[in-house]
Number of protein chains: 2
Amino acid sequence: MTIESASKNLVDEFRSRTTLRAGSLITTVFGDAIAPRGGTVWLGSLIAAMGEFGINERLVRTSVFRLVQDGWLQSKQIGRRSYYSLTGEGRERFEQATQKIYGEPVPSWDGEWTTILMSGVESATKDLVRKELGWLGFGSLSPNVLAHPAPDMAGLDLALERLGLAEDLVVMTGRTVRNESGMRALVQDSWNLDDIDARYASFVERFRPLIKAQGKDANVPLKSAFLVRTLLIQEYRKVLLRDPQLPAELLPTGWHGTAAYQLCRNLYQAVYAAADDYLTQTMETAEGPLPPPAAAFMQRFGGLQ
Amino acid sequence: MTIESASKNLVDEFRSRTTLRAGSLITTVFGDAIAPRGGTVWLGSLIAAMGEFGINERLVRTSVFRLVQDGWLQSKQIGRRSYYSLTGEGRERFEQATQKIYGEPVPSWDGEWTTILMSGVESATKDLVRKELGWLGFGSLSPNVLAHPAPDMAGLDLALERLGLAEDLVVMTGRTVRNESGMRALVQDSWNLDDIDARYASFVERFRPLIKAQGKDANVPLKSAFLVRTLLIQEYRKVLLRDPQLPAELLPTGWHGTAAYQLCRNLYQAVYAAADDYLTQTMETAEGPLPPPAAAFMQRFGGLQ
């Protein structure tokens, strides 16, 4: 199978899903491809690109409108053309997600946990905290205790500020000194690792044909490269953003997140340049084609070559 | 008021209590006076000494019998006389209590907490753990979390072993990194500090007349010294064993435990030697009077002079 037909299968499979979400895919294209290349695009060229995934013009317009309302994008009219750019806030949010999505797996762990005590907080507030800090990977060691072995502390501080709970919740750091194996059992119960592992396994399953096909093609067709790169990141980030990113020491044996990361890195490495060429040819700004990717782009997945 | 009449008032007040517990007072005499002086005494001389507190012979015999059943004491018949000695276990238990009762207040704190996670343990077991570790001063930061800022770790390990929970409970050590003042508020809620503070205040109230009277008498009558020393430790240990012994940094301002410690140390310093002379004159072993106190005795309250 060539990568062209493998990518066609991928797009067909994507289109066949009842849960196809245009907004989510447009967010991926913005975060993965447009943000590092200036962050602005002409709506017409975005509509054309999204059409390749079977998303029609009306759906692109509605989705983009919603992203404006949610504060991610802003629009600017020049002549008869609308240009969409990331807002300051949207850029910030993308940067946070970028660190998580394209970052390398957690390096070796120093054994230090961060725990959050929710005693004395109302029960509705606790639910909210659990949900919000869940995005940062915190799990519930007990009804009043959230924990993470290697959290993003700046992200935690931001979240506590935003929730208005910086003076209500107590944050501690510390290590297990008795019953390490009991702690491992608690970890199994506190995060839904089985579910995340299954999602990683199915991601690997889905993209393995692409890695195989890519090995055979010396030159990847530009459009296929763009389709593969976009759907690769779309699917990978959907699992990754649920992943608490625990250090290897705390993961079950045979954890599929490792294979998923490696597959994603290898396939991205194989298609990113051709996909960028496709974007140069098809995406327009008011000043012409998209500028080349910023220097930081080349740091993705531990360094692209 | 002389110390003789002040000690008489103290004994009268003690005798008037409806909750007078002979076993508890005999335990105090054993732990405070007999344990450091060989640990064995003729029942007849113990009965005579307890009579000074208004405890009759029958009550002493019943109490001593109970202490034997509970494993604290063992008896030995020589001729027509019964001698009571601490068992190995009783000596061990006394030594643990001795460290707590006569030790100096917790020195400066390094900010490190010890927390115990009880997740995944049945609720009846949790109640038991809370009660047992409560004796070591642990408080409940939340239904599943016990904590202490400076626990006796050897005592904790022993307790977990004894409860058969060393492989069920996870123990962590760590420090507060956000919201130190929230942690102080949690401390207020987690230990019944107001109640303990009130008990210390009432202890100070009760023994202040003795300190005043002692200041006037150059020579304390031996029997008064024994009565005062025994009731002093009896009352002090009753409060102290409820005290979680938190470091000064975590205590409310005006904490009466500090005054109680100082009063207890000063009064003990003033009467211990005369009380020991009384014991030498009145308490008998099979080999004659009690031997002099062991060297460790002189380390009580940071060093007796």
# chains A, B, ... in the order shown; residues from 1 in each chain; ligands from 1
>>> interface_residues(of="chain B", to="chain A", cutoff="12 Å", atoms="only C-alpha atoms", output="count of residues only")
50
>>> residues_around(residues="Asp195 in chain A", least_positions_apart="6", cutoff="10 Å", atoms="only C-alpha atoms", output="VMD selection string")
chain A and resid 201 239 242 to 243
>>> write_last_selection(atoms="N, CA, C and O atoms", output="PDB file, in the first residue's frame")
ATOM      1  N   ALA A 201      -3.316   2.021  22.522  1.00  0.00           N
ATOM      2  CA  ALA A 201      -3.171   0.803  21.720  1.00  0.00           C
ATOM      3  C   ALA A 201      -3.927   0.963  20.403  1.00  0.00           C
ATOM      4  O   ALA A 201      -3.439   0.601  19.326  1.00  0.00           O
ATOM      5  N   VAL A 239      -5.810  11.492  22.847  1.00  0.00           N
ATOM      6  CA  VAL A 239      -5.451  10.556  23.921  1.00  0.00           C
ATOM      7  C   VAL A 239      -4.538  11.245  24.930  1.00  0.00           C
ATOM      8  O   VAL A 239      -4.725  11.157  26.139  1.00  0.00           O
ATOM      9  N   ARG A 242      -5.740  13.318  27.798  1.00  0.00           N
ATOM     10  CA  ARG A 242      -6.336  12.570  28.917  1.00  0.00           C
ATOM     11  C   ARG A 242      -5.272  11.913  29.782  1.00  0.00           C
ATOM     12  O   ARG A 242      -5.554  11.437  30.874  1.00  0.00           O
ATOM     13  N   ASP A 243      -4.066  11.819  29.235  1.00  0.00           N
ATOM     14  CA  ASP A 243      -2.993  11.063  29.894  1.00  0.00           C
ATOM     15  C   ASP A 243      -2.393  11.895  31.026  1.00  0.00           C
ATOM     16  O   ASP A 243      -1.948  13.014  30.803  1.00  0.00           O
TER      17      ASP A 243
END
>>> select_by_dssp(residues="range 72-258 of chain A", states="helix (DSSP H, G or I)", output="JSON list (two decimals) with N, CA and C atoms, in the first residue's frame")
[["chain", "number", "residue", "atom", "x", "y", "z"],
["A", 88, "GLY", "N", -4.16, 36.65, 21.57],
["A", 88, "GLY", "CA", -3.07, 36.48, 22.54],
["A", 88, "GLY", "C", -3.36, 35.29, 23.45],
["A", 89, "GLU", "N", -4.60, 35.24, 23.90],
["A", 89, "GLU", "CA", -4.99, 34.15, 24.79],
["A", 89, "GLU", "C", -4.93, 32.79, 24.08],
["A", 90, "GLY", "N", -5.42, 32.79, 22.82],
["A", 90, "GLY", "CA", -5.39, 31.55, 22.05],
["A", 90, "GLY", "C", -3.95, 31.06, 21.87],
["A", 91, "ARG", "N", -3.05, 32.01, 21.61],
["A", 91, "ARG", "CA", -1.65, 31.64, 21.41],
["A", 91, "ARG", "C", -1.08, 31.03, 22.70],
["A", 92, "GLU", "N", -1.43, 31.66, 23.84],
["A", 92, "GLU", "CA", -0.96, 31.16, 25.13],
["A", 92, "GLU", "C", -1.45, 29.72, 25.38],
["A", 93, "ARG", "N", -2.74, 29.53, 25.12],
["A", 93, "ARG", "CA", -3.32, 28.21, 25.34],
["A", 93, "ARG", "C", -2.68, 27.17, 24.44],
["A", 94, "PHE", "N", -2.43, 27.58, 23.17],
["A", 94, "PHE", "CA", -1.79, 26.65, 22.25],
["A", 94, "PHE", "C", -0.39, 26.31, 22.72],
["A", 95, "GLU", "N", 0.29, 27.31, 23.27],
["A", 95, "GLU", "CA", 1.66, 27.06, 23.68],
["A", 95, "GLU", "C", 1.71, 26.04, 24.82],
["A", 96, "GLN", "N", 0.75, 26.17, 25.74],
["A", 96, "GLN", "CA", 0.69, 25.18, 26.83],
["A", 96, "GLN", "C", 0.45, 23.77, 26.29],
["A", 97, "ALA", "N", -0.54, 23.68, 25.39],
["A", 97, "ALA", "CA", -0.86, 22.37, 24.83],
["A", 97, "ALA", "C", 0.32, 21.84, 24.02],
["A", 98, "THR", "N", 1.01, 22.73, 23.32],
["A", 98, "THR", "CA", 2.14, 22.33, 22.49],
["A", 98, "THR", "C", 3.22, 21.66, 23.32],
["A", 99, "GLN", "N", 3.51, 22.25, 24.48],
["A", 99, "GLN", "CA", 4.52, 21.65, 25.34],
["A", 99, "GLN", "C", 4.15, 20.22, 25.70],
["A", 100, "LYS", "N", 2.87, 20.02, 25.94],
["A", 100, "LYS", "CA", 2.43, 18.69, 26.35],
["A", 100, "LYS", "C", 2.44, 17.72, 25.17],
["A", 101, "ILE", "N", 1.90, 18.17, 24.03],
["A", 101, "ILE", "CA", 1.73, 17.27, 22.89],
["A", 101, "ILE", "C", 3.06, 16.88, 22.26],
["A", 102, "TYR", "N", 3.94, 17.88, 22.06],
["A", 102, "TYR", "CA", 5.17, 17.60, 21.33],
["A", 102, "TYR", "C", 6.38, 17.39, 22.24],
["A", 123, "SER", "N", -18.41, 20.56, 48.74],
["A", 123, "SER", "CA", -18.35, 19.37, 47.91],
["A", 123, "SER", "C", -18.52, 19.69, 46.42],
["A", 124, "ALA", "N", -19.32, 20.69, 46.08],
["A", 124, "ALA", "CA", -19.45, 21.10, 44.68],
["A", 124, "ALA", "C", -18.12, 21.66, 44.18],
["A", 125, "THR", "N", -17.45, 22.41, 45.05],
["A", 125, "THR", "CA", -16.15, 22.98, 44.68],
["A", 125, "THR", "C", -15.14, 21.86, 44.45],
["A", 126, "LYS", "N", -15.20, 20.84, 45.31],
["A", 126, "LYS", "CA", -14.28, 19.71, 45.15],
["A", 126, "LYS", "C", -14.44, 19.07, 43.77],
["A", 127, "ASP", "N", -15.70, 18.90, 43.35],
["A", 127, "ASP", "CA", -15.94, 18.30, 42.03],
["A", 127, "ASP", "C", -15.28, 19.15, 40.94],
["A", 128, "LEU", "N", -15.43, 20.45, 41.08],
["A", 128, "LEU", "CA", -14.87, 21.37, 40.10],
["A", 128, "LEU", "C", -13.34, 21.27, 40.08],
["A", 129, "VAL", "N", -12.75, 21.26, 41.28],
["A", 129, "VAL", "CA", -11.29, 21.18, 41.38],
["A", 129, "VAL", "C", -10.79, 19.88, 40.76],
["A", 130, "ARG", "N", -11.48, 18.78, 41.09],
["A", 130, "ARG", "CA", -11.11, 17.48, 40.55],
["A", 130, "ARG", "C", -11.11, 17.51, 39.02],
["A", 131, "LYS", "N", -12.14, 18.15, 38.45],
["A", 131, "LYS", "CA", -12.27, 18.23, 37.00],
["A", 131, "LYS", "C", -11.18, 19.12, 36.40],
["A", 132, "GLU", "N", -11.02, 20.30, 36.98],
["A", 132, "GLU", "CA", -10.06, 21.26, 36.42],
["A", 132, "GLU", "C", -8.62, 20.76, 36.56],
["A", 133, "LEU", "N", -8.30, 20.23, 37.73],
["A", 133, "LEU", "CA", -6.93, 19.75, 37.91],
["A", 133, "LEU", "C", -6.73, 18.40, 37.22],
["A", 134, "GLY", "N", -7.84, 17.74, 36.89],
["A", 134, "GLY", "CA", -7.76, 16.54, 36.06],
["A", 134, "GLY", "C", -7.11, 16.84, 34.72],
["A", 153, "MET", "N", 3.87, 22.80, 37.70],
["A", 153, "MET", "CA", 3.55, 23.64, 38.85],
["A", 153, "MET", "C", 3.03, 25.02, 38.44],
["A", 154, "ALA", "N", 3.58, 25.55, 37.36],
["A", 154, "ALA", "CA", 3.10, 26.86, 36.90],
["A", 154, "ALA", "C", 1.64, 26.74, 36.47],
["A", 155, "GLY", "N", 1.34, 25.63, 35.78],
["A", 155, "GLY", "CA", -0.05, 25.39, 35.36],
["A", 155, "GLY", "C", -0.96, 25.21, 36.56],
["A", 156, "LEU", "N", -0.45, 24.57, 37.59],
["A", 156, "LEU", "CA", -1.23, 24.37, 38.81],
["A", 156, "LEU", "C", -1.54, 25.72, 39.47],
["A", 157, "ASP", "N", -0.53, 26.55, 39.59],
["A", 157, "ASP", "CA", -0.74, 27.87, 40.21],
["A", 157, "ASP", "C", -1.77, 28.68, 39.44],
["A", 158, "LEU", "N", -1.64, 28.65, 38.11],
["A", 158, "LEU", "CA", -2.60, 29.36, 37.25],
["A", 158, "LEU", "C", -4.01, 28.85, 37.49],
["A", 159, "ALA", "N", -4.15, 27.53, 37.53],
["A", 159, "ALA", "CA", -5.48, 26.93, 37.70],
["A", 159, "ALA", "C", -6.06, 27.30, 39.06],
["A", 160, "LEU", "N", -5.24, 27.27, 40.12],
["A", 160, "LEU", "CA", -5.75, 27.61, 41.45],
["A", 160, "LEU", "C", -6.16, 29.08, 41.51],
["A", 161, "GLU", "N", -5.38, 29.94, 40.87],
["A", 161, "GLU", "CA", -5.74, 31.37, 40.78],
["A", 161, "GLU", "C", -7.08, 31.52, 40.08],
["A", 162, "ARG", "N", -7.18, 30.87, 38.92],
["A", 162, "ARG", "CA", -8.37, 31.00, 38.08],
["A", 162, "ARG", "C", -9.60, 30.51, 38.83],
["A", 163, "LEU", "N", -9.43, 29.43, 39.62],
["A", 163, "LEU", "CA", -10.56, 28.90, 40.39],
["A", 163, "LEU", "C", -10.82, 29.75, 41.64],
["A", 180, "GLU", "N", 5.73, 1.43, 49.54],
["A", 180, "GLU", "CA", 5.81, 1.88, 48.15],
["A", 180, "GLU", "C", 4.84, 1.09, 47.26],
["A", 181, "SER", "N", 4.69, -0.20, 47.55],
["A", 181, "SER", "CA", 3.82, -1.01, 46.69],
["A", 181, "SER", "C", 2.35, -0.66, 46.92],
["A", 182, "GLY", "N", 2.02, -0.27, 48.15],
["A", 182, "GLY", "CA", 0.66, 0.21, 48.41],
["A", 182, "GLY", "C", 0.39, 1.47, 47.61],
["A", 183, "MET", "N", 1.42, 2.31, 47.46],
["A", 183, "MET", "CA", 1.26, 3.54, 46.69],
["A", 183, "MET", "C", 1.01, 3.21, 45.22],
["A", 184, "ARG", "N", 1.69, 2.20, 44.71],
["A", 184, "ARG", "CA", 1.49, 1.79, 43.31],
["A", 184, "ARG", "C", 0.05, 1.30, 43.10],
["A", 185, "ALA", "N", -0.46, 0.59, 44.09],
["A", 185, "ALA", "CA", -1.84, 0.10, 44.00],
["A", 185, "ALA", "C", -2.81, 1.29, 44.00],
["A", 186, "LEU", "N", -2.52, 2.28, 44.84],
["A", 186, "LEU", "CA", -3.36, 3.49, 44.87],
["A", 186, "LEU", "C", -3.34, 4.20, 43.52],
["A", 187, "VAL", "N", -2.17, 4.21, 42.89],
["A", 187, "VAL", "CA", -2.04, 4.85, 41.57],
["A", 187, "VAL", "C", -2.96, 4.17, 40.56],
["A", 188, "GLN", "N", -2.97, 2.84, 40.60],
["A", 188, "GLN", "CA", -3.84, 2.09, 39.68],
["A", 188, "GLN", "C", -5.30, 2.49, 39.85],
["A", 189, "ASP", "N", -5.69, 2.74, 41.11],
["A", 189, "ASP", "CA", -7.09, 3.08, 41.38],
["A", 189, "ASP", "C", -7.39, 4.55, 41.09],
["A", 190, "SER", "N", -6.37, 5.39, 41.15],
["A", 190, "SER", "CA", -6.63, 6.83, 41.12],
["A", 190, "SER", "C", -6.70, 7.39, 39.71],
["A", 193, "LEU", "N", -6.01, 4.31, 34.12],
["A", 193, "LEU", "CA", -4.89, 3.96, 33.24],
["A", 193, "LEU", "C", -5.27, 2.91, 32.20],
["A", 194, "ASP", "N", -6.14, 1.97, 32.57],
["A", 194, "ASP", "CA", -6.52, 0.93, 31.62],
["A", 194, "ASP", "C", -7.18, 1.53, 30.39],
["A", 195, "ASP", "N", -8.08, 2.49, 30.63],
["A", 195, "ASP", "CA", -8.78, 3.13, 29.52],
["A", 195, "ASP", "C", -7.80, 3.89, 28.62],
["A", 196, "ILE", "N", -6.87, 4.62, 29.23],
["A", 196, "ILE", "CA", -5.92, 5.41, 28.44],
["A", 196, "ILE", "C", -4.99, 4.48, 27.67],
["A", 197, "ASP", "N", -4.60, 3.40, 28.31],
["A", 197, "ASP", "CA", -3.74, 2.43, 27.65],
["A", 197, "ASP", "C", -4.43, 1.84, 26.42],
["A", 198, "ALA", "N", -5.72, 1.53, 26.55],
["A", 198, "ALA", "CA", -6.48, 0.98, 25.42],
["A", 198, "ALA", "C", -6.57, 1.99, 24.28],
["A", 199, "ARG", "N", -6.73, 3.26, 24.62],
["A", 199, "ARG", "CA", -6.79, 4.30, 23.59],
["A", 199, "ARG", "C", -5.46, 4.43, 22.86],
["A", 200, "TYR", "N", -4.36, 4.34, 23.62],
["A", 200, "TYR", "CA", -3.05, 4.39, 22.98],
["A", 200, "TYR", "C", -2.87, 3.19, 22.05],
["A", 201, "ALA", "N", -3.32, 2.02, 22.52],
["A", 201, "ALA", "CA", -3.17, 0.80, 21.72],
["A", 201, "ALA", "C", -3.93, 0.96, 20.40],
["A", 202, "SER", "N", -5.12, 1.56, 20.49],
["A", 202, "SER", "CA", -5.92, 1.68, 19.28],
["A", 202, "SER", "C", -5.34, 2.77, 18.35],
["A", 203, "PHE", "N", -4.73, 3.78, 18.94],
["A", 203, "PHE", "CA", -4.02, 4.79, 18.13],
["A", 203, "PHE", "C", -2.88, 4.13, 17.34],
["A", 204, "VAL", "N", -2.10, 3.30, 18.04],
["A", 204, "VAL", "CA", -0.97, 2.64, 17.40],
["A", 204, "VAL", "C", -1.47, 1.74, 16.26],
["A", 205, "GLU", "N", -2.54, 1.01, 16.54],
["A", 205, "GLU", "CA", -3.19, 0.14, 15.57],
["A", 205, "GLU", "C", -3.57, 0.92, 14.30],
["A", 206, "ARG", "N", -4.17, 2.07, 14.50],
["A", 206, "ARG", "CA", -4.69, 2.87, 13.40],
["A", 206, "ARG", "C", -3.58, 3.44, 12.51],
["A", 207, "PHE", "N", -2.47, 3.83, 13.15],
["A", 207, "PHE", "CA", -1.43, 4.51, 12.38],
["A", 207, "PHE", "C", -0.28, 3.61, 11.93],
["A", 208, "ARG", "N", -0.30, 2.36, 12.39],
["A", 208, "ARG", "CA", 0.79, 1.47, 12.00],
["A", 208, "ARG", "C", 0.87, 1.30, 10.48],
["A", 209, "PRO", "N", -0.28, 1.16, 9.76],
["A", 209, "PRO", "CA", -0.21, 1.04, 8.29],
["A", 209, "PRO", "C", 0.48, 2.24, 7.64],
["A", 210, "LEU", "N", 0.35, 3.42, 8.23],
["A", 210, "LEU", "CA", 0.96, 4.61, 7.66],
["A", 210, "LEU", "C", 2.48, 4.56, 7.77],
["A", 211, "ILE", "N", 2.96, 4.10, 8.93],
["A", 211, "ILE", "CA", 4.41, 3.97, 9.11],
["A", 211, "ILE", "C", 4.95, 2.97, 8.10],
["A", 212, "LYS", "N", 4.22, 1.86, 7.90],
["A", 212, "LYS", "CA", 4.66, 0.84, 6.94],
["A", 212, "LYS", "C", 4.70, 1.41, 5.53],
["A", 213, "ALA", "N", 3.61, 2.09, 5.12],
["A", 213, "ALA", "CA", 3.50, 2.64, 3.77],
["A", 213, "ALA", "C", 4.57, 3.70, 3.55],
["A", 214, "GLN", "N", 4.80, 4.52, 4.55],
["A", 214, "GLN", "CA", 5.78, 5.60, 4.43],
["A", 214, "GLN", "C", 7.16, 5.03, 4.17],
["A", 215, "GLY", "N", 7.46, 3.88, 4.77],
["A", 215, "GLY", "CA", 8.77, 3.25, 4.57],
["A", 215, "GLY", "C", 9.03, 2.91, 3.11],
["A", 216, "LYS", "N", 7.95, 2.67, 2.36],
["A", 216, "LYS", "CA", 8.11, 2.25, 0.96],
["A", 216, "LYS", "C", 8.25, 3.44, 0.02],
["A", 222, "LEU", "N", 2.61, 15.68, -1.30],
["A", 222, "LEU", "CA", 2.45, 16.76, -0.33],
["A", 222, "LEU", "C", 1.09, 16.74, 0.36],
["A", 223, "LYS", "N", 0.03, 16.54, -0.42],
["A", 223, "LYS", "CA", -1.29, 16.56, 0.19],
["A", 223, "LYS", "C", -1.47, 15.41, 1.19],
["A", 224, "SER", "N", -0.99, 14.22, 0.79],
["A", 224, "SER", "CA", -1.08, 13.08, 1.71],
["A", 224, "SER", "C", -0.34, 13.38, 3.00],
["A", 225, "ALA", "N", 0.83, 14.02, 2.85],
["A", 225, "ALA", "CA", 1.63, 14.35, 4.03],
["A", 225, "ALA", "C", 0.82, 15.24, 4.97],
["A", 226, "PHE", "N", 0.14, 16.25, 4.39],
["A", 226, "PHE", "CA", -0.67, 17.16, 5.21],
["A", 226, "PHE", "C", -1.81, 16.41, 5.90],
["A", 227, "LEU", "N", -2.51, 15.55, 5.15],
["A", 227, "LEU", "CA", -3.63, 14.80, 5.72],
["A", 227, "LEU", "C", -3.14, 13.91, 6.88],
["A", 228, "VAL", "N", -2.03, 13.21, 6.63],
["A", 228, "VAL", "CA", -1.52, 12.28, 7.64],
["A", 228, "VAL", "C", -1.07, 13.05, 8.88],
["A", 229, "ARG", "N", -0.30, 14.10, 8.66],
["A", 229, "ARG", "CA", 0.23, 14.87, 9.80],
["A", 229, "ARG", "C", -0.92, 15.41, 10.66],
["A", 230, "THR", "N", -1.95, 15.94, 9.99],
["A", 230, "THR", "CA", -3.07, 16.54, 10.73],
["A", 230, "THR", "C", -3.85, 15.49, 11.52],
["A", 231, "LEU", "N", -4.19, 14.38, 10.85],
["A", 231, "LEU", "CA", -4.96, 13.36, 11.56],
["A", 231, "LEU", "C", -4.13, 12.67, 12.63],
["A", 232, "LEU", "N", -2.81, 12.56, 12.37],
["A", 232, "LEU", "CA", -1.92, 11.98, 13.37],
["A", 232, "LEU", "C", -1.98, 12.79, 14.67],
["A", 233, "ILE", "N", -1.80, 14.10, 14.55],
["A", 233, "ILE", "CA", -1.79, 14.96, 15.74],
["A", 233, "ILE", "C", -3.19, 15.04, 16.35],
["A", 234, "GLN", "N", -4.20, 15.08, 15.48],
["A", 234, "GLN", "CA", -5.58, 15.10, 15.98],
["A", 234, "GLN", "C", -5.86, 13.91, 16.90],
["A", 235, "GLU", "N", -5.47, 12.72, 16.45],
["A", 235, "GLU", "CA", -5.76, 11.52, 17.23],
["A", 235, "GLU", "C", -4.83, 11.40, 18.44],
["A", 236, "TYR", "N", -3.57, 11.77, 18.22],
["A", 236, "TYR", "CA", -2.60, 11.65, 19.31],
["A", 236, "TYR", "C", -2.97, 12.59, 20.45],
["A", 237, "ARG", "N", -3.30, 13.83, 20.12],
["A", 237, "ARG", "CA", -3.58, 14.77, 21.20],
["A", 237, "ARG", "C", -4.86, 14.42, 21.96],
["A", 238, "LYS", "N", -5.81, 13.78, 21.26],
["A", 238, "LYS", "CA", -7.04, 13.38, 21.94],
["A", 238, "LYS", "C", -6.74, 12.40, 23.07],
["A", 239, "VAL", "N", -5.81, 11.49, 22.85],
["A", 239, "VAL", "CA", -5.45, 10.56, 23.92],
["A", 239, "VAL", "C", -4.54, 11.25, 24.93],
["A", 240, "LEU", "N", -3.55, 11.96, 24.37],
["A", 240, "LEU", "CA", -2.52, 12.55, 25.23],
["A", 240, "LEU", "C", -3.10, 13.50, 26.26],
["A", 248, "ALA", "N", 7.54, 6.70, 34.17],
["A", 248, "ALA", "CA", 7.59, 5.28, 33.81],
["A", 248, "ALA", "C", 7.51, 4.37, 35.03],
["A", 249, "GLU", "N", 8.13, 4.80, 36.15],
["A", 249, "GLU", "CA", 8.16, 3.99, 37.37],
["A", 249, "GLU", "C", 6.76, 3.63, 37.86],
["A", 250, "LEU", "N", 5.77, 4.47, 37.52],
["A", 250, "LEU", "CA", 4.43, 4.27, 38.07],
["A", 250, "LEU", "C", 3.47, 3.66, 37.06],
["A", 256, "HIS", "N", 1.13, 1.23, 26.47],
["A", 256, "HIS", "CA", 1.15, 1.55, 25.04],
["A", 256, "HIS", "C", 1.47, 2.99, 24.74],
["A", 257, "GLY", "N", 1.51, 3.84, 25.79],
["A", 257, "GLY", "CA", 1.86, 5.25, 25.57],
["A", 257, "GLY", "C", 3.25, 5.40, 24.99],
["A", 258, "THR", "N", 4.14, 4.50, 25.36],
["A", 258, "THR", "CA", 5.52, 4.57, 24.87],
["A", 258, "THR", "C", 5.57, 4.30, 23.36]]
>>> select_by_dssp(residues="range 216-290 of chain A", states="strand (DSSP E)", output="count of residues only")
4
>>> residues_around(residues="Gly38 in chain B", least_positions_apart="5", cutoff="8 Å", atoms="only C-alpha atoms", output="VMD selection string")
chain B and resid 290 to 291 293
>>> atom_distance(atom1="CA of Gly139 in chain A", atom2="CA of His148 in chain B")
23.5 Å
>>> atom_distance(atom1="CA of Phe301 in chain B", atom2="CA of Leu241 in chain B")
15.8 Å
>>> residues_around(residues="range 72-76 of chain A", least_positions_apart="3", cutoff="9 Å", atoms="only C-alpha atoms", output="VMD selection string")
chain A and resid 64 to 69 81 to 91 93
>>> atom_distance(atom1="CA of Ile3 in chain B", atom2="CA of Leu279 in chain B")
18.3 Å
>>> closest_residue(among="A:Phe53, A:Asp277, A:Tyr272, A:Ile47", to="Glu13 in chain A", atoms="only C-alpha atoms")
A:Phe53
>>> closest_residue(among="B:Tyr261, B:Gly288, B:Val220, B:Leu304", to="Ser5 in chain B", atoms="only C-alpha atoms")
B:Val220
